[in-house]
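This is entry.txt (compact mmCIF, C-alpha atoms).
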# COMPACT_ATOMS: atom_id res chain seq x y z
CA MET A 21 -78.04 236.30 -106.26
CA LYS A 22 -78.36 232.91 -104.63
CA PRO A 23 -75.73 230.16 -104.55
CA PRO A 24 -75.76 227.54 -107.31
CA SER A 25 -76.70 223.98 -106.33
CA PHE A 26 -74.11 221.87 -104.58
CA ALA A 27 -73.89 218.75 -102.47
CA TYR A 28 -73.27 219.37 -98.79
CA ALA A 29 -71.26 217.29 -96.33
CA ARG A 30 -70.66 217.92 -92.66
CA PRO A 31 -67.88 215.59 -91.51
CA GLY A 32 -67.37 215.08 -87.80
CA THR A 33 -63.61 214.52 -87.89
CA VAL A 34 -60.64 215.93 -89.77
CA ALA A 35 -59.85 212.47 -91.16
CA GLU A 36 -63.36 212.22 -92.56
CA ALA A 37 -63.05 215.67 -94.11
CA ALA A 38 -59.70 214.77 -95.65
CA GLY A 39 -61.23 211.61 -97.06
CA LEU A 40 -64.02 213.60 -98.69
CA LEU A 41 -61.51 216.10 -100.11
CA ALA A 42 -59.39 213.26 -101.51
CA GLN A 43 -62.34 211.96 -103.50
CA GLY A 44 -61.71 214.48 -106.20
CA ASP A 45 -61.94 217.93 -107.64
CA GLY A 46 -64.83 220.27 -107.29
CA ALA A 47 -65.05 220.20 -103.51
CA VAL A 48 -64.38 223.22 -101.31
CA LEU A 49 -64.02 223.58 -97.57
CA LEU A 50 -66.48 225.86 -95.78
CA ALA A 51 -64.88 227.38 -92.67
CA GLY A 52 -66.38 230.63 -91.32
CA GLY A 53 -67.92 231.39 -94.69
CA GLN A 54 -67.17 235.11 -94.65
CA SER A 55 -65.35 234.89 -98.00
CA LEU A 56 -66.69 231.68 -99.56
CA MET A 57 -70.36 232.51 -98.98
CA PRO A 58 -70.19 235.88 -100.81
CA MET A 59 -68.37 234.08 -103.65
CA LEU A 60 -71.16 231.47 -103.78
CA ASN A 61 -73.86 234.15 -103.62
CA LEU A 62 -72.17 236.03 -106.47
CA ARG A 63 -71.67 232.71 -108.28
CA LEU A 64 -67.95 233.38 -108.52
CA ALA A 65 -67.58 229.91 -107.00
CA ALA A 66 -69.57 226.90 -108.17
CA PRO A 67 -68.27 223.85 -106.28
CA ASP A 68 -69.77 220.39 -106.74
CA THR A 69 -69.51 219.75 -103.02
CA VAL A 70 -69.25 222.03 -100.01
CA ILE A 71 -67.51 220.33 -97.11
CA ASP A 72 -68.56 222.15 -93.95
CA ILE A 73 -65.85 221.76 -91.31
CA ASN A 74 -67.74 223.70 -88.61
CA GLY A 75 -68.86 220.46 -86.98
CA ILE A 76 -65.36 219.12 -86.31
CA ALA A 77 -64.58 219.16 -82.61
CA GLY A 78 -61.18 220.35 -81.39
CA LEU A 79 -60.31 222.40 -84.47
CA ALA A 80 -60.73 225.73 -82.68
CA ASP A 81 -58.58 225.17 -79.59
CA VAL A 82 -55.98 227.70 -78.47
CA ARG A 83 -53.10 226.21 -76.50
CA ARG A 84 -49.87 227.56 -75.03
CA ASP A 85 -47.08 225.13 -75.61
CA ASP A 86 -43.44 225.67 -74.72
CA GLY A 87 -43.04 229.28 -75.79
CA ARG A 88 -45.49 228.92 -78.63
CA LEU A 89 -49.15 229.60 -79.16
CA ARG A 90 -51.00 226.95 -81.15
CA ILE A 91 -54.26 228.14 -82.65
CA GLY A 92 -56.75 225.76 -84.24
CA ALA A 93 -57.61 226.79 -87.78
CA MET A 94 -61.32 227.11 -86.97
CA ALA A 95 -60.77 229.55 -84.10
CA ARG A 96 -63.14 232.45 -84.77
CA GLN A 97 -61.71 235.95 -84.93
CA ALA A 98 -64.16 237.16 -82.25
CA ALA A 99 -63.20 234.26 -79.99
CA LEU A 100 -59.49 235.07 -80.38
CA MET A 101 -60.22 238.65 -79.31
CA ARG A 102 -61.72 237.27 -76.10
CA THR A 103 -58.90 234.78 -75.42
CA PRO A 104 -56.48 236.18 -72.79
CA ALA A 105 -53.62 233.92 -74.00
CA VAL A 106 -53.66 235.72 -77.37
CA GLY A 107 -53.09 239.14 -75.81
CA GLU A 108 -50.42 237.77 -73.49
CA ALA A 109 -48.42 235.68 -75.96
CA LEU A 110 -49.13 237.51 -79.22
CA PRO A 111 -49.84 241.20 -78.71
CA LEU A 112 -49.31 241.77 -82.44
CA LEU A 113 -52.23 239.47 -83.28
CA ALA A 114 -54.36 241.11 -80.60
CA LEU A 115 -53.69 244.51 -82.18
CA ALA A 116 -54.62 243.28 -85.66
CA LEU A 117 -57.88 241.45 -84.84
CA PRO A 118 -60.12 244.52 -84.34
CA HIS A 119 -59.21 245.68 -87.88
CA ILE A 120 -60.76 242.58 -89.45
CA GLY A 121 -64.24 243.29 -90.80
CA HIS A 122 -66.91 243.93 -88.17
CA PRO A 123 -68.21 242.23 -85.00
CA GLN A 124 -70.89 240.56 -87.15
CA THR A 125 -68.29 238.95 -89.46
CA ARG A 126 -65.61 238.23 -86.83
CA SER A 127 -68.21 236.11 -84.99
CA ARG A 128 -68.00 233.53 -87.82
CA GLY A 129 -64.74 234.34 -89.62
CA THR A 130 -61.86 232.01 -88.75
CA ILE A 131 -58.09 232.42 -88.73
CA GLY A 132 -57.59 229.39 -90.97
CA GLY A 133 -60.22 230.44 -93.46
CA SER A 134 -58.62 233.85 -93.83
CA LEU A 135 -55.14 232.39 -94.34
CA CYS A 136 -56.32 229.92 -96.99
CA HIS A 137 -58.38 232.59 -98.78
CA ALA A 138 -55.11 234.58 -99.07
CA ASP A 139 -56.50 238.00 -99.82
CA PRO A 140 -53.50 240.34 -100.29
CA ALA A 141 -55.03 242.81 -97.83
CA ALA A 142 -55.81 240.27 -95.09
CA GLU A 143 -54.64 241.26 -91.62
CA LEU A 144 -54.19 237.66 -90.46
CA ALA A 145 -51.94 236.77 -93.40
CA LEU A 146 -49.80 239.80 -92.58
CA VAL A 147 -49.52 238.89 -88.90
CA ALA A 148 -48.77 235.21 -89.68
CA VAL A 149 -45.95 236.29 -91.99
CA ALA A 150 -44.63 239.00 -89.65
CA ALA A 151 -44.66 236.71 -86.62
CA ASP A 152 -43.13 233.81 -88.58
CA ALA A 153 -45.99 231.40 -87.86
CA VAL A 154 -45.95 227.80 -89.05
CA LEU A 155 -49.00 226.20 -90.67
CA THR A 156 -49.96 222.54 -90.30
CA LEU A 157 -51.60 220.99 -93.35
CA LEU A 158 -53.31 217.61 -93.24
CA SER A 159 -54.42 215.28 -96.02
CA SER A 160 -55.20 211.57 -96.24
CA ALA A 161 -51.51 211.12 -97.10
CA GLY A 162 -50.33 212.65 -93.82
CA THR A 163 -49.41 216.03 -92.39
CA ARG A 164 -46.78 218.60 -93.25
CA THR A 165 -45.82 221.99 -91.92
CA VAL A 166 -45.19 225.10 -93.99
CA PRO A 167 -43.85 228.42 -92.71
CA ALA A 168 -46.34 231.26 -93.30
CA ARG A 169 -43.53 233.03 -95.16
CA ALA A 170 -43.59 230.24 -97.78
CA PHE A 171 -47.37 229.67 -97.77
CA PHE A 172 -48.58 232.56 -99.92
CA LEU A 173 -47.76 232.27 -103.62
CA HIS A 174 -49.83 235.06 -105.12
CA ALA A 175 -53.10 236.89 -104.51
CA MET A 176 -55.68 234.23 -103.49
CA GLU A 177 -53.12 231.49 -104.11
CA THR A 178 -51.26 229.38 -101.57
CA VAL A 179 -49.17 226.20 -101.49
CA ARG A 180 -52.09 224.33 -99.91
CA ALA A 181 -52.96 221.41 -102.22
CA ALA A 182 -56.60 220.80 -103.16
CA ASP A 183 -56.77 217.78 -100.85
CA GLU A 184 -55.20 219.47 -97.82
CA ILE A 185 -56.85 221.00 -94.76
CA LEU A 186 -55.15 223.68 -92.70
CA THR A 187 -55.58 222.44 -89.13
CA GLU A 188 -53.35 224.57 -86.93
CA ILE A 189 -51.28 227.73 -86.91
CA THR A 190 -48.33 227.83 -84.51
CA PHE A 191 -46.92 231.19 -83.50
CA PRO A 192 -43.70 231.71 -81.59
CA ALA A 193 -44.67 233.74 -78.53
CA SER A 194 -43.67 237.37 -78.51
CA ARG A 195 -40.30 238.03 -76.84
CA PRO A 196 -40.28 239.51 -73.33
CA GLY A 197 -40.14 243.29 -73.46
CA ALA A 198 -41.42 243.36 -77.04
CA ARG A 199 -43.19 246.41 -78.42
CA CYS A 200 -45.73 245.87 -81.18
CA ALA A 201 -47.56 248.12 -83.60
CA PHE A 202 -50.25 247.43 -86.17
CA ARG A 203 -51.63 250.10 -88.47
CA GLU A 204 -53.74 249.99 -91.56
CA LEU A 205 -55.58 252.33 -93.83
CA ALA A 206 -58.86 251.40 -95.48
CA ARG A 207 -61.47 253.70 -96.99
CA ARG A 208 -63.88 252.73 -94.22
CA HIS A 209 -63.24 250.65 -91.12
CA GLY A 210 -63.69 247.00 -92.00
CA ASP A 211 -62.99 247.47 -95.71
CA PHE A 212 -60.02 245.76 -97.28
CA ALA A 213 -56.82 247.52 -96.26
CA ILE A 214 -55.15 249.60 -98.96
CA ALA A 215 -51.97 249.06 -96.97
CA ALA A 216 -51.24 247.66 -93.53
CA VAL A 217 -48.09 247.37 -91.45
CA ALA A 218 -47.20 245.07 -88.56
CA ALA A 219 -44.06 245.63 -86.49
CA GLU A 220 -42.51 243.97 -83.47
CA TRP A 221 -39.39 245.26 -81.76
CA SER A 222 -37.49 243.67 -78.92
CA PRO A 223 -33.94 244.11 -77.63
CA GLU A 224 -33.05 241.02 -79.71
CA GLY A 225 -34.35 242.23 -83.03
CA LEU A 226 -36.94 243.90 -85.23
CA THR A 227 -39.50 242.47 -87.64
CA ILE A 228 -41.59 244.73 -89.79
CA ALA A 229 -43.91 243.57 -92.56
CA VAL A 230 -46.30 245.25 -94.96
CA GLY A 231 -49.58 243.88 -96.39
CA GLY A 232 -51.99 245.10 -99.04
CA LEU A 233 -49.14 246.66 -100.98
CA GLU A 234 -48.20 243.61 -103.03
CA ALA A 235 -49.89 240.32 -103.97
CA THR A 236 -48.65 238.70 -100.75
CA PRO A 237 -47.47 240.12 -97.43
CA ARG A 238 -43.84 241.24 -97.47
CA VAL A 239 -41.36 240.92 -94.64
CA CYS A 240 -39.26 244.06 -94.93
CA ALA A 241 -35.96 242.22 -94.49
CA HIS A 242 -33.75 245.20 -95.33
CA LEU A 243 -35.54 247.52 -92.90
CA SER A 244 -35.68 244.88 -90.16
CA ARG A 245 -31.98 244.15 -90.48
CA GLU A 246 -30.74 247.73 -90.73
CA LEU A 247 -32.86 249.13 -87.91
CA ALA A 248 -32.43 246.32 -85.36
CA GLY A 249 -30.70 247.66 -82.29
CA ARG A 250 -30.93 251.27 -83.45
CA PRO A 251 -33.02 254.11 -82.07
CA PHE A 252 -35.64 255.93 -84.17
CA GLU A 253 -33.85 258.51 -86.24
CA GLN A 254 -36.13 260.18 -88.80
CA ALA A 255 -33.69 260.77 -91.67
CA ALA A 256 -32.27 257.25 -91.58
CA VAL A 257 -35.74 255.68 -91.29
CA VAL A 258 -37.03 257.62 -94.32
CA ARG A 259 -34.01 256.58 -96.39
CA LEU A 260 -34.27 252.92 -95.39
CA ILE A 261 -38.04 252.81 -96.06
CA ASP A 262 -37.45 254.19 -99.56
CA GLU A 263 -34.73 251.59 -100.16
CA GLU A 264 -37.10 248.83 -99.02
CA LEU A 265 -40.03 250.05 -101.08
CA ALA A 266 -37.89 250.40 -104.19
CA GLN A 267 -37.82 246.60 -104.32
CA THR A 268 -41.63 246.17 -104.24
CA GLU A 269 -44.19 245.56 -106.96
CA PRO A 270 -47.28 247.44 -105.72
CA LEU A 271 -50.73 246.19 -106.68
CA GLU A 272 -52.82 248.02 -109.23
CA ASP A 273 -56.52 247.25 -108.81
CA GLY A 274 -58.02 249.93 -111.06
CA VAL A 275 -59.21 252.01 -108.09
CA ILE A 276 -56.11 252.49 -105.97
CA GLY A 277 -52.99 253.18 -108.01
CA PRO A 278 -49.52 251.90 -107.11
CA ASP A 279 -48.19 255.35 -106.23
CA TYR A 280 -50.88 255.96 -103.61
CA ARG A 281 -50.40 252.47 -102.16
CA LEU A 282 -46.65 253.11 -101.95
CA GLN A 283 -47.17 256.44 -100.26
CA LEU A 284 -49.49 254.89 -97.68
CA ALA A 285 -47.02 252.08 -97.04
CA ARG A 286 -44.30 254.70 -96.55
CA VAL A 287 -46.37 256.60 -93.98
CA LEU A 288 -47.56 253.49 -92.11
CA LEU A 289 -44.05 251.99 -91.99
CA ASN A 290 -42.73 255.24 -90.59
CA ASP A 291 -45.54 255.48 -88.00
CA CYS A 292 -45.06 251.89 -86.84
CA LEU A 293 -41.30 252.33 -86.57
CA ALA A 294 -41.77 255.54 -84.57
CA GLU A 295 -44.01 253.54 -82.25
CA VAL A 296 -41.77 250.53 -81.63
CA LEU A 297 -38.17 251.73 -81.99
CA PRO A 298 -36.50 253.23 -78.92
CA PRO A 299 -36.35 257.02 -79.11
CA MET B 11 -81.66 217.96 -95.82
CA LYS B 12 -83.29 217.85 -92.42
CA LEU B 13 -82.49 220.43 -89.82
CA THR B 14 -83.61 221.07 -86.28
CA CYS B 15 -83.06 224.42 -84.62
CA THR B 16 -84.63 226.83 -82.19
CA VAL B 17 -85.93 230.08 -83.61
CA ASN B 18 -87.12 232.72 -81.14
CA GLY B 19 -87.59 230.03 -78.52
CA LEU B 20 -89.59 227.69 -80.75
CA ARG B 21 -88.22 224.34 -81.80
CA ILE B 22 -88.26 224.06 -85.59
CA GLU B 23 -87.92 220.89 -87.63
CA ALA B 24 -87.62 221.55 -91.32
CA THR B 25 -86.00 220.47 -94.54
CA ALA B 26 -83.90 222.74 -96.69
CA GLU B 27 -81.90 222.47 -99.87
CA PRO B 28 -78.18 222.85 -99.02
CA ARG B 29 -77.88 226.05 -101.05
CA LEU B 30 -80.69 227.82 -99.17
CA LEU B 31 -79.34 230.79 -97.20
CA LEU B 32 -80.35 231.11 -93.56
CA VAL B 33 -81.94 234.50 -94.27
CA ASP B 34 -84.15 233.02 -96.99
CA PHE B 35 -85.06 230.10 -94.73
CA LEU B 36 -86.19 232.56 -92.05
CA ARG B 37 -88.11 234.77 -94.46
CA HIS B 38 -89.67 232.30 -96.86
CA GLN B 39 -90.02 229.06 -94.96
CA LEU B 40 -90.71 230.45 -91.48
CA ARG B 41 -92.30 233.71 -92.74
CA LEU B 42 -90.21 235.74 -90.31
CA THR B 43 -89.77 238.79 -92.50
CA ALA B 44 -88.25 241.18 -89.98
CA THR B 45 -84.82 240.00 -91.13
CA HIS B 46 -84.08 241.80 -94.38
CA VAL B 47 -82.07 240.83 -97.44
CA GLY B 48 -79.79 243.61 -98.59
CA CYS B 49 -76.51 242.98 -100.35
CA GLU B 50 -76.22 239.18 -99.96
CA ILE B 51 -72.44 239.51 -99.66
CA GLY B 52 -72.17 240.23 -95.96
CA VAL B 53 -71.51 243.95 -96.20
CA CYS B 54 -74.77 245.80 -95.45
CA GLY B 55 -75.78 244.11 -92.19
CA ALA B 56 -79.55 244.14 -92.85
CA CYS B 57 -79.76 240.34 -92.39
CA THR B 58 -77.95 240.23 -89.03
CA VAL B 59 -79.50 237.77 -86.58
CA ILE B 60 -78.27 236.21 -83.35
CA VAL B 61 -76.95 232.66 -83.66
CA ASP B 62 -75.94 231.04 -80.38
CA ASP B 63 -75.54 234.48 -78.76
CA GLU B 64 -73.32 235.95 -81.52
CA PRO B 65 -74.40 238.53 -84.11
CA VAL B 66 -74.15 236.82 -87.48
CA ARG B 67 -74.85 237.68 -91.13
CA SER B 68 -77.65 235.31 -92.07
CA CYS B 69 -76.84 235.76 -95.79
CA LEU B 70 -73.42 234.21 -95.12
CA MET B 71 -74.75 231.10 -93.43
CA LEU B 72 -76.55 228.18 -95.01
CA ALA B 73 -79.84 227.17 -93.45
CA VAL B 74 -78.48 223.63 -92.99
CA GLN B 75 -75.64 225.07 -90.91
CA ALA B 76 -78.22 226.27 -88.40
CA ASP B 77 -78.91 222.65 -87.45
CA GLY B 78 -78.60 222.45 -83.68
CA CYS B 79 -78.37 226.24 -83.32
CA ARG B 80 -80.37 228.77 -81.35
CA ILE B 81 -81.47 231.63 -83.59
CA GLU B 82 -83.06 234.91 -82.63
CA THR B 83 -84.55 237.46 -85.00
CA ALA B 84 -85.99 240.94 -84.48
CA GLU B 85 -89.45 239.35 -84.05
CA SER B 86 -88.27 238.18 -80.62
CA LEU B 87 -87.59 241.68 -79.33
CA ALA B 88 -91.03 243.14 -78.77
CA ALA B 89 -92.48 239.94 -77.38
CA GLY B 90 -95.78 240.81 -75.70
CA GLY B 91 -96.15 243.98 -77.76
CA GLU B 92 -93.82 246.04 -75.58
CA LEU B 93 -90.81 247.59 -77.34
CA SER B 94 -87.43 246.43 -76.06
CA PRO B 95 -85.37 249.16 -74.34
CA MET B 96 -83.18 249.57 -77.45
CA GLN B 97 -86.21 249.70 -79.77
CA ALA B 98 -87.75 252.33 -77.49
CA SER B 99 -84.50 254.30 -77.52
CA LEU B 100 -84.29 254.23 -81.33
CA HIS B 101 -87.92 255.40 -81.41
CA ALA B 102 -87.29 258.19 -78.90
CA HIS B 103 -84.17 259.47 -80.71
CA HIS B 104 -85.58 259.14 -84.23
CA GLY B 105 -82.91 256.51 -84.91
CA LEU B 106 -84.65 255.16 -87.99
CA GLN B 107 -86.43 256.44 -91.05
CA CYS B 108 -87.25 253.77 -93.63
CA GLY B 109 -86.41 251.00 -91.16
CA PHE B 110 -84.79 248.64 -93.63
CA CYS B 111 -81.50 248.42 -91.71
CA THR B 112 -83.09 248.59 -88.25
CA PRO B 113 -83.76 244.89 -87.50
CA GLY B 114 -80.14 244.01 -88.25
CA ILE B 115 -78.82 246.86 -86.13
CA LEU B 116 -81.11 245.84 -83.27
CA MET B 117 -79.84 242.26 -83.31
CA THR B 118 -76.19 243.37 -83.25
CA LEU B 119 -76.91 245.73 -80.34
CA GLU B 120 -78.93 243.07 -78.51
CA ALA B 121 -76.13 240.50 -78.79
CA LEU B 122 -73.47 242.95 -77.65
CA ALA B 123 -75.59 244.34 -74.80
CA ARG B 124 -76.26 240.85 -73.51
CA SER B 125 -72.58 239.92 -73.43
CA GLY B 126 -71.61 243.23 -71.86
CA GLN B 127 -69.77 244.36 -75.00
CA LEU B 128 -71.96 247.33 -75.87
CA PRO B 129 -69.58 250.32 -75.99
CA GLY B 130 -70.40 253.35 -73.91
CA ASP B 131 -68.43 255.84 -76.01
CA GLU B 132 -69.24 257.33 -79.38
CA ASP B 133 -66.17 255.88 -81.16
CA GLY B 134 -67.01 252.41 -79.92
CA VAL B 135 -70.66 252.73 -80.98
CA ARG B 136 -69.64 253.93 -84.43
CA HIS B 137 -67.24 251.00 -84.71
CA VAL B 138 -70.07 248.57 -83.98
CA LEU B 139 -72.44 250.36 -86.38
CA GLY B 140 -69.68 250.15 -89.02
CA GLY B 141 -71.06 246.69 -89.73
CA HIS B 142 -74.40 248.17 -90.82
CA VAL B 143 -75.29 250.41 -93.71
CA CYS B 144 -78.04 253.00 -93.17
CA ARG B 145 -78.84 255.34 -96.04
CA CYS B 146 -81.44 257.48 -94.24
CA THR B 147 -80.26 258.71 -90.88
CA GLY B 148 -76.63 259.65 -91.37
CA TYR B 149 -76.14 257.49 -88.25
CA GLN B 150 -76.11 260.37 -85.75
CA HIS B 151 -79.56 259.59 -84.34
CA ILE B 152 -78.72 255.89 -84.11
CA VAL B 153 -75.52 256.74 -82.22
CA ASP B 154 -77.55 258.99 -79.88
CA ALA B 155 -80.05 256.20 -79.24
CA VAL B 156 -77.38 253.63 -78.47
CA LEU B 157 -75.43 255.99 -76.21
CA ALA B 158 -78.58 256.89 -74.28
CA GLN B 159 -79.22 253.19 -73.76
CA ALA B 160 -75.62 252.33 -72.92
CA ARG B 161 -75.45 254.93 -70.16
Written form, structure tokens:
Amino acid sequence: MKPPSFAYARPGTVAEAAGLLAQGDGAVLLAGGQSLMPMLNLRLAAPDTVIDINGIAGLADVRRDDGRLRIGAMARQAALMRTPAVGEALPLLALALPHIGHPQTRSRGTIGGSLCHADPAAELALVAVAADAVLTLLSSAGTRTVPARAFFLHAMETVRAADEILTEITFPASRPGARCAFRELARRHGDFAIAAVAAEWSPEGLTIAVGGLEATPRVCAHLSRELAGRPFEQAAVVRLIDEELAQTEPLEDGVIGPDYRLQLARVLLNDCLAEVLPP
Amino acid sequence: MKLTCTVNGLRIEATAEPRLLLVDFLRHQLRLTATHVGCEIGVCGACTVIVDDEPVRSCLMLAVQADGCRIETAESLAAGGELSPMQASLHAHHGLQCGFCTPGILMTLEALARSGQLPGDEDGVRHVLGGHVCRCTGYQHIVDAVLAQAR
């Protein structure tokens, strides 16, 4: 199908975009368009106004800043793959990027668009949560920051208000000596992940998170706490993974049942832990 | 809305309704029908064109977003009637049957080859082709054609 009719605006500044958003309901932001455009074409979305933020300068910058990496919300996934600072400061993000769609969608798809779309299977949401990123939201009323771990409310639902624009995502840089792993399983490469796992180990601690399994990415707090500072020991890892997964509410989408999703999460968690924990 | 862009080296000034997709602008307004419409949800890859040197789904871009952009379609490849090296390789390896997916595949390969990102190994080629659906060839002959060209 073709998109329904809408008014189109292409603001040149974030303030202008925020002003347009503040004018009322029925407006949506168009970032990379790799999720919104299919929804328009399928007429699952019928906005009064599409506010195209691709013309705003400075919204795609990547900057290193005092042990952090600040990524503009409009940074394209393909551009991030080519940015050396991403691989250096955030190896976990660098590992996740090639799993997102295909070269032909990563060329347009943005980090901010993916986070705001909040698909439960999204790789970028999982990495933002695992790496404890902080999101900057701007509206005509001002700016606020929200930790990624508090940003996702439910599938396709975030704390971003209708008049807010996500402008920047700030990641703490990976610790020195960190080991990262990212694994996902999808029916075909580029499809939505049935389950995905991101893990980062360093001598100071362990963070492991799972996406696709539930409505929002989950930081496996129990696993991360219990396994920090310990070597990989198969029996203990299996027991702790089962304890962690016992607390989850796996998605049921009519195609992939909760048991299969759980089993995949179990395997991927185990594989990632085997990869990052000391032997 | 007015838009100005470059398509296959030609400067185009046109008007388009905001909801018009780039692929439909190319096909219906400019009559460049090499770019095909498949799924219209960005999955099949038939509508892939090059926008400012990147391979892009033209069903996931509005025509008005192409304002100020440089667009290339498969019509640009055999300029002068001579097949491009990748077109010739697909021909030589029987890398197409019905040809519906071929223009999109060619534009992806062209963009990657130009930026030095065309993989030289089979896994890499299959990863790139993962963004295109072909129902005829089973992909093997396309992979052969790309590998022959990459080497």
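The gap separating atom CA of Ala145 of chain A from atom CA of Ala218 of chain A is 10.7 Å, in Å to one decimal.
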With 10 Å as the cut-off and only C-alpha atoms counted, what is the closest atom pair between each nearby residue of chain B and chain A? Distances in Å to one decimal, ordered by chain and number, as CSV.
residue,atom,partner,partner_atom,distance
B:Met11,CA,A:Tyr28,CA,9.0
B:Glu27,CA,A:Ser25,CA,8.4
B:Pro28,CA,A:Tyr28,CA,6.0
B:Arg29,CA,A:Ser25,CA,5.8
B:Leu30,CA,A:Pro23,CA,7.7
B:Leu31,CA,A:Lys22,CA,7.8
B:Asp34,CA,A:Lys22,CA,9.6
B:Cys49,CA,A:Met21,CA,9.0
B:Glu50,CA,A:Asn61,CA,6.7
B:Ile51,CA,A:Pro58,CA,4.4
B:Gly52,CA,A:Pro58,CA,6.8
B:Val53,CA,A:Thr125,CA,9.0
B:Gly55,CA,A:Gln124,CA,7.9
B:Thr58,CA,A:Gln124,CA,7.3
B:Val59,CA,A:Gln124,CA,9.1
B:Ile60,CA,A:Gln124,CA,9.4
B:Val61,CA,A:Ser127,CA,9.5
B:Asp63,CA,A:Ser127,CA,9.8
B:Glu64,CA,A:Ser127,CA,6.2
B:Pro65,CA,A:Gln124,CA,5.1
B:Val66,CA,A:Gln124,CA,5.0
B:Arg67,CA,A:Gln124,CA,6.3
B:Ser68,CA,A:Gln124,CA,9.9
B:Cys69,CA,A:Met57,CA,7.9
B:Leu70,CA,A:Met57,CA,5.2
B:Met71,CA,A:Gly53,CA,7.0
B:Leu72,CA,A:Met57,CA,8.5
B:Val74,CA,A:Tyr28,CA,8.9
B:Gln75,CA,A:Asp72,CA,8.2
B:Gly114,CA,A:Gln124,CA,9.9
B:Met117,CA,A:Gln124,CA,9.9
B:Thr118,CA,A:Gln124,CA,7.2
B:Ala121,CA,A:Gln124,CA,9.9
B:Leu122,CA,A:Pro123,CA,9.1
B:Arg136,CA,A:His209,CA,9.8
B:His137,CA,A:His209,CA,7.6
B:Val138,CA,A:Pro123,CA,6.7
B:Leu139,CA,A:His122,CA,8.7
B:Gly140,CA,A:His209,CA,6.8
B:Gly141,CA,A:His122,CA,5.2
B:His142,CA,A:His122,CA,9.0
One-decimal distance in Å that lies between atom CA of Leu41 of chain A and atom CA of Asp183 of chain A: 5.1 Å
Between atom CA of His101 of chain B and atom CA of Ala155 of chain B, what is the distance, to one decimal in Å?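 Answer for the atom CA of His101 of chain B to atom CA of Ala155 of chain B separation: 8.2 Å.
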So that I can see what lies close to Cys240 of chain A, please list as a ChimeraX atom specification the residues with an atom at most 7 Å from it, counting all atoms listed in the file and leaving out residues fewer than 4 positions away in the same chain. /A:228-229,244,264
Can you pull out the residues contacting Pro278 of chain A? Cut-off 10 Å, using all atoms listed in the file, and skip same-chain residues under 5 positions away; I want them as a PyMOL selection string. chain A and resi 233-234+269-273+283-284
Is it possible to get the residues within 6 Å of (-80.1, 221.4, -92.8) (coordinates as in the file, counting all atoms listed in the file) written as a PyMOL selection string? chain B and resi 11-13+26+73-74+77
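Among the candidates A:Asp81, A:Arg88, A:Glu253, A:Gly46, the one nearest to Thr69 of chain A when counting only C-alpha atoms is A:Gly46.
Restricting the calculation to only C-alpha atoms, the smallest distance between Asp131 of chain B and any of B:Ala102, B:Leu40, B:Cys108, B:Val156 is found for B:Val156.
Proximity to Val239 of chain A at 9 Å, evaluated using all atoms listed in the file and with sequence-adjacent residues fewer than 6 positions away removed, yields Leu146, Val149, Ala150, Arg169, Thr227, Ile228, Ala229, Val230 and Gly231 of chain A.
If all atoms listed in the file are the atoms counted, then among A:Ala235, A:Ala114, A:Cys292, A:Leu144 the closest residue to Ala175 of chain A is A:Ala235.
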Would you mind putting back N, CA and C atoms on segment 275-284 of chain A, then writing it out as a CSV table (one decimal), in the coordinates of the input?
chain,number,residue,atom,x,y,z
A,275,VAL,N,-58.6,251.0,-108.9
A,275,VAL,CA,-59.2,252.0,-108.1
A,275,VAL,C,-58.1,252.7,-107.4
A,276,ILE,N,-57.2,251.9,-106.7
A,276,ILE,CA,-56.1,252.5,-106.0
A,276,ILE,C,-54.8,252.2,-106.8
A,277,GLY,N,-54.2,253.3,-107.2
A,277,GLY,CA,-53.0,253.2,-108.0
A,277,GLY,C,-51.8,252.8,-107.2
A,278,PRO,N,-50.7,252.3,-107.8
A,278,PRO,CA,-49.5,251.9,-107.1
A,278,PRO,C,-48.8,253.0,-106.4
A,279,ASP,N,-48.9,254.2,-106.9
A,279,ASP,CA,-48.2,255.4,-106.2
A,279,ASP,C,-48.8,255.7,-104.9
A,280,TYR,N,-50.2,255.7,-104.9
A,280,TYR,CA,-50.9,256.0,-103.6
A,280,TYR,C,-50.6,254.9,-102.6
A,281,ARG,N,-50.7,253.6,-103.0
A,281,ARG,CA,-50.4,252.5,-102.2
A,281,ARG,C,-49.0,252.6,-101.6
A,282,LEU,N,-48.0,252.9,-102.4
A,282,LEU,CA,-46.6,253.1,-102.0
A,282,LEU,C,-46.6,254.2,-100.9
A,283,GLN,N,-47.2,255.3,-101.2
A,283,GLN,CA,-47.2,256.4,-100.3
A,283,GLN,C,-47.8,256.1,-98.9
A,284,LEU,N,-48.9,255.3,-98.9
A,284,LEU,CA,-49.5,254.9,-97.7
A,284,LEU,C,-48.6,253.9,-96.9
